[in-house]
Amino acid sequence: MTQYEAIFIRRSVREYDPAPLTIARLAKIQSVLDNVKQLPGPTARFEIVNADKLKGAAAPHAILVHCEDTDAAWFNAGYSLQAVDLYLQAEGLGSIWMGMAKPIYPSLDYRILLAFGQTNVPIRTEADFKRKDIT
Ligand SMILES: Cc1cc2nc3c(=O)[nH]c(=O)nc-3n(C[C@H](O)[C@H](O)[C@H](O)COP(=O)(O)O)c2cc1C
């Protein structure tokens, strides 16, 4: 599945297999994070942590977002990490943005996280969407 195709079937996943991903798979995800496109202006730093460093998240891993607390920095963080959300879901993993979950030891520039891991929750089908007509 391409990341474009993932746009139409991605979903926020709240149930995970607690088993961690392999080191190789996590390294690949870190590489995607290191190379993800960021907008001109303040950049974000992305850090993968395991469940033992998190509270309030059911997933085995999460990507912590670090950036300055400005509109431009938040905008960039959302732009960049949403591309990674699509990458993860195109790879068959589950993911969810979480404002309620937190790292146990948040740094001063911690902003938000994207939890991720293996899941049995099925991808979306057309029938899952409840959208109003455009007209
Ligand atoms: C910035 C942001 C923070 C979010 N924080 C939480 C959260 O703390 N807990 C949660 O259950 N869902 C959280 N979500 C997920 C949304 O609730 C979810 O995107 C929404 O239910 C729509 O579902 P979908 O992503 O499957 O389309 C967050 C989403 C965003 C964009």
# chains A, B, ... in the order shown; residues from 1 in each chain; ligands from 1
>>> residues_around(residues="range 58-62 of chain A", least_positions_apart="6", cutoff="6 Å", atoms="only C-alpha atoms", output="mmCIF file with N, CA and C atoms, in the first residue's frame")
data_model
loop_
_atom_site.group_PDB
_atom_site.id
_atom_site.type_symbol
_atom_site.label_atom_id
_atom_site.label_comp_id
_atom_site.auth_asym_id
_atom_site.auth_seq_id
_atom_site.Cartn_x
_atom_site.Cartn_y
_atom_site.Cartn_z
ATOM 1 N N TYR A 16 -3.550 -2.566 20.835
ATOM 2 C CA TYR A 16 -2.278 -3.014 20.269
ATOM 3 C C TYR A 16 -1.843 -4.351 20.815
ATOM 4 N N PRO A 18 0.972 -5.964 22.587
ATOM 5 C CA PRO A 18 2.020 -5.348 23.412
ATOM 6 C C PRO A 18 3.441 -5.744 23.014
ATOM 7 N N PRO A 20 6.890 -5.805 21.417
ATOM 8 C CA PRO A 20 7.621 -4.742 20.717
ATOM 9 C C PRO A 20 7.971 -5.135 19.284
ATOM 10 N N ILE A 48 11.863 7.966 19.260
ATOM 11 C CA ILE A 48 11.080 6.755 19.543
ATOM 12 C C ILE A 48 11.370 6.292 20.972
ATOM 13 N N VAL A 49 10.296 6.037 21.737
ATOM 14 C CA VAL A 49 10.462 5.474 23.079
ATOM 15 C C VAL A 49 9.550 4.255 23.231
ATOM 16 N N ASN A 50 9.871 3.419 24.197
ATOM 17 C CA ASN A 50 9.068 2.221 24.457
ATOM 18 C C ASN A 50 8.026 2.491 25.547
ATOM 19 N N ALA A 51 7.103 1.535 25.687
ATOM 20 C CA ALA A 51 5.950 1.701 26.582
ATOM 21 C C ALA A 51 6.364 2.021 28.020
ATOM 22 N N LEU A 114 2.916 10.306 18.964
ATOM 23 C CA LEU A 114 2.201 9.385 18.081
ATOM 24 C C LEU A 114 2.542 7.978 18.552
ATOM 25 N N ALA A 115 1.558 7.289 19.159
ATOM 26 C CA ALA A 115 1.768 5.915 19.623
ATOM 27 C C ALA A 115 1.634 4.971 18.432
ATOM 28 N N PHE A 116 2.396 3.865 18.451
ATOM 29 C CA PHE A 116 2.305 2.930 17.328
ATOM 30 C C PHE A 116 2.719 1.525 17.745
ATOM 31 N N GLY A 117 2.341 0.550 16.903
ATOM 32 C CA GLY A 117 2.704 -0.839 17.146
ATOM 33 C C GLY A 117 1.862 -1.756 16.265
#
>>> closest_atom_pairs(of="chain A", to="ligand 1", cutoff="10 Å", atoms="only C-alpha atoms and all ligand atoms", output="CSV")
residue,atom,partner,partner_atom_place_in_ligand_line,distance
A:Ile7,CA,ligand 1,27 (O),9.8
A:Phe8,CA,ligand 1,27 (O),9.7
A:Ile9,CA,ligand 1,26 (O),8.9
A:Arg10,CA,ligand 1,26 (O),6.7
A:Arg11,CA,ligand 1,26 (O),3.4
A:Ser12,CA,ligand 1,26 (O),3.7
A:Val13,CA,ligand 1,26 (O),7.0
A:Arg14,CA,ligand 1,11 (O),6.9
A:Gly56,CA,ligand 1,8 (O),8.5
A:Ala57,CA,ligand 1,9 (N),8.5
A:Trp74,CA,ligand 1,1 (C),9.8
A:Gly78,CA,ligand 1,1 (C),7.8
A:Gln82,CA,ligand 1,31 (C),8.9
A:Ser95,CA,ligand 1,25 (O),8.9
A:Ile96,CA,ligand 1,15 (C),5.9
A:Trp97,CA,ligand 1,28 (C),4.5
A:Met98,CA,ligand 1,5 (N),3.4
A:Gly99,CA,ligand 1,8 (O),3.9
A:Met100,CA,ligand 1,8 (O),3.6
A:Ala101,CA,ligand 1,8 (O),5.8
A:Lys102,CA,ligand 1,8 (O),9.0
A:Arg111,CA,ligand 1,1 (C),9.8
A:Ile112,CA,ligand 1,1 (C),7.3
A:Leu113,CA,ligand 1,3 (C),8.1
A:Leu114,CA,ligand 1,3 (C),8.5
A:Ala115,CA,ligand 1,6 (C),9.9
A:Ile123,CA,ligand 1,26 (O),9.8
A:Arg124,CA,ligand 1,26 (O),8.5
A:Asp128,CA,ligand 1,26 (O),9.7
A:Phe129,CA,ligand 1,27 (O),8.7
>>> atom_distance(atom1="CA of Leu54 in chain A", atom2="CA of Pro106 in chain A")
9.5 Å
>>> closest_residue(among="A:Thr22, A:Gln118, A:Asn35, A:Thr135", to="Leu88 in chain A", atoms="only C-alpha atoms")
A:Gln118
>>> atom_distance(atom1="CA of Cys67 in chain A", atom2="CA of Lys55 in chain A")
20.4 Å
>>> select_by_dssp(residues="chain A", states="strand (DSSP E)", output="list in words")
Arg45, Phe46, Glu47, Ile48, Val49, Asn50, Leu54, Lys55, His61, Ala62, Ile63, Leu64, Val65, His66, Gly94, Ser95, Ile96, Trp97, Met98, Lys102, Pro103, Tyr110, Arg111, Ile112, Leu113, Leu114, Ala115, Phe116 and Gly117 of chain A
>>> write_last_selection(atoms="C-alpha atoms", output="PDB file, in the first residue's frame")
ATOM      1  CA  ARG A  45      12.935  16.450  16.676  1.00  0.00           C
ATOM      2  CA  PHE A  46      11.365  12.979  16.770  1.00  0.00           C
ATOM      3  CA  GLU A  47      12.318  10.354  19.354  1.00  0.00           C
ATOM      4  CA  ILE A  48      11.080   6.755  19.543  1.00  0.00           C
ATOM      5  CA  VAL A  49      10.462   5.474  23.079  1.00  0.00           C
ATOM      6  CA  ASN A  50       9.068   2.221  24.457  1.00  0.00           C
ATOM      7  CA  LEU A  54       4.966   6.313  28.671  1.00  0.00           C
ATOM      8  CA  LYS A  55       1.824   6.786  30.711  1.00  0.00           C
ATOM      9  CA  HIS A  61       6.092   2.364  21.224  1.00  0.00           C
ATOM     10  CA  ALA A  62       5.595   6.051  20.623  1.00  0.00           C
ATOM     11  CA  ILE A  63       7.233   8.862  18.708  1.00  0.00           C
ATOM     12  CA  LEU A  64       7.748  11.889  20.935  1.00  0.00           C
ATOM     13  CA  VAL A  65       7.654  15.275  19.228  1.00  0.00           C
ATOM     14  CA  HIS A  66      10.034  17.959  20.476  1.00  0.00           C
ATOM     15  CA  GLY A  94      -1.488   0.882  13.915  1.00  0.00           C
ATOM     16  CA  SER A  95      -0.916   4.417  15.172  1.00  0.00           C
ATOM     17  CA  ILE A  96      -2.666   7.229  17.002  1.00  0.00           C
ATOM     18  CA  TRP A  97      -1.883  10.837  17.884  1.00  0.00           C
ATOM     19  CA  MET A  98      -2.220  11.265  21.639  1.00  0.00           C
ATOM     20  CA  LYS A 102       2.559  11.566  28.075  1.00  0.00           C
ATOM     21  CA  PRO A 103       6.163  10.503  28.448  1.00  0.00           C
ATOM     22  CA  TYR A 110       8.044  17.947  24.483  1.00  0.00           C
ATOM     23  CA  ARG A 111       4.753  18.676  22.671  1.00  0.00           C
ATOM     24  CA  ILE A 112       2.766  15.566  21.629  1.00  0.00           C
ATOM     25  CA  LEU A 113       3.212  11.921  20.692  1.00  0.00           C
ATOM     26  CA  LEU A 114       2.201   9.385  18.081  1.00  0.00           C
ATOM     27  CA  ALA A 115       1.768   5.915  19.623  1.00  0.00           C
ATOM     28  CA  PHE A 116       2.305   2.930  17.328  1.00  0.00           C
ATOM     29  CA  GLY A 117       2.704  -0.839  17.146  1.00  0.00           C
TER      30      GLY A 117
END
>>> closest_residue(among="A:Lys37, A:Ala27, A:Glu5, A:Leu21", to="Val84 in chain A", atoms="only C-alpha atoms")
A:Lys37
>>> atom_distance(atom1="CA of Leu108 in chain A", atom2="CA of Leu93 in chain A")
29.3 Å
>>> select_by_dssp(residues="range 51-100 of chain A", states="helix (DSSP H, G or I)", output="number ranges by chain")
A: 51-53, 71-90
>>> write_last_selection(atoms="N, CA and C atoms", output="JSON list (two decimals), in the first residue's frame")
[["chain", "number", "residue", "atom", "x", "y", "z"],
["A", 51, "ALA", "N", 7.10, 1.54, 25.69],
["A", 51, "ALA", "CA", 5.95, 1.70, 26.58],
["A", 51, "ALA", "C", 6.36, 2.02, 28.02],
["A", 52, "ASP", "N", 7.52, 1.52, 28.45],
["A", 52, "ASP", "CA", 7.91, 1.75, 29.85],
["A", 52, "ASP", "C", 8.28, 3.21, 30.12],
["A", 53, "LYS", "N", 8.37, 4.01, 29.06],
["A", 53, "LYS", "CA", 8.66, 5.45, 29.22],
["A", 53, "LYS", "C", 7.40, 6.30, 29.06],
["A", 71, "ASP", "N", 3.28, 28.64, 16.84],
["A", 71, "ASP", "CA", 2.34, 28.13, 15.84],
["A", 71, "ASP", "C", 3.08, 27.46, 14.69],
["A", 72, "ALA", "N", 4.15, 28.10, 14.22],
["A", 72, "ALA", "CA", 4.89, 27.56, 13.08],
["A", 72, "ALA", "C", 5.50, 26.20, 13.42],
["A", 73, "ALA", "N", 6.00, 26.08, 14.65],
["A", 73, "ALA", "CA", 6.64, 24.81, 15.05],
["A", 73, "ALA", "C", 5.61, 23.69, 15.19],
["A", 74, "TRP", "N", 4.46, 24.00, 15.77],
["A", 74, "TRP", "CA", 3.37, 23.01, 15.90],
["A", 74, "TRP", "C", 2.88, 22.60, 14.51],
["A", 75, "PHE", "N", 2.72, 23.59, 13.64],
["A", 75, "PHE", "CA", 2.22, 23.33, 12.28],
["A", 75, "PHE", "C", 3.17, 22.38, 11.56],
["A", 76, "ASN", "N", 4.47, 22.68, 11.69],
["A", 76, "ASN", "CA", 5.46, 21.82, 11.05],
["A", 76, "ASN", "C", 5.44, 20.41, 11.64],
["A", 77, "ALA", "N", 5.32, 20.32, 12.96],
["A", 77, "ALA", "CA", 5.33, 19.00, 13.62],
["A", 77, "ALA", "C", 4.16, 18.16, 13.11],
["A", 78, "GLY", "N", 2.99, 18.78, 12.99],
["A", 78, "GLY", "CA", 1.83, 18.04, 12.50],
["A", 78, "GLY", "C", 2.00, 17.62, 11.06],
["A", 79, "TYR", "N", 2.53, 18.53, 10.26],
["A", 79, "TYR", "CA", 2.76, 18.24, 8.83],
["A", 79, "TYR", "C", 3.71, 17.05, 8.68],
["A", 80, "SER", "N", 4.81, 17.08, 9.39],
["A", 80, "SER", "CA", 5.84, 16.05, 9.22],
["A", 80, "SER", "C", 5.40, 14.71, 9.80],
["A", 81, "LEU", "N", 4.86, 14.74, 11.01],
["A", 81, "LEU", "CA", 4.55, 13.46, 11.66],
["A", 81, "LEU", "C", 3.30, 12.81, 11.05],
["A", 82, "GLN", "N", 2.41, 13.60, 10.45],
["A", 82, "GLN", "CA", 1.28, 12.96, 9.78],
["A", 82, "GLN", "C", 1.76, 12.13, 8.59],
["A", 83, "ALA", "N", 2.83, 12.58, 7.92],
["A", 83, "ALA", "CA", 3.41, 11.78, 6.83],
["A", 83, "ALA", "C", 3.93, 10.46, 7.39],
["A", 84, "VAL", "N", 4.48, 10.50, 8.61],
["A", 84, "VAL", "CA", 4.99, 9.26, 9.22],
["A", 84, "VAL", "C", 3.83, 8.38, 9.67],
["A", 85, "ASP", "N", 2.75, 8.99, 10.14],
["A", 85, "ASP", "CA", 1.53, 8.23, 10.47],
["A", 85, "ASP", "C", 1.08, 7.43, 9.25],
["A", 86, "LEU", "N", 1.08, 8.07, 8.10],
["A", 86, "LEU", "CA", 0.67, 7.37, 6.86],
["A", 86, "LEU", "C", 1.68, 6.29, 6.50],
["A", 87, "TYR", "N", 2.96, 6.54, 6.70],
["A", 87, "TYR", "CA", 3.98, 5.52, 6.45],
["A", 87, "TYR", "C", 3.71, 4.29, 7.32],
["A", 88, "LEU", "N", 3.48, 4.53, 8.62],
["A", 88, "LEU", "CA", 3.27, 3.41, 9.55],
["A", 88, "LEU", "C", 2.05, 2.60, 9.14],
["A", 89, "GLN", "N", 0.97, 3.29, 8.82],
["A", 89, "GLN", "CA", -0.27, 2.56, 8.48],
["A", 89, "GLN", "C", -0.14, 1.87, 7.12],
["A", 90, "ALA", "N", 0.61, 2.47, 6.20],
["A", 90, "ALA", "CA", 0.86, 1.80, 4.91],
["A", 90, "ALA", "C", 1.70, 0.54, 5.11]]
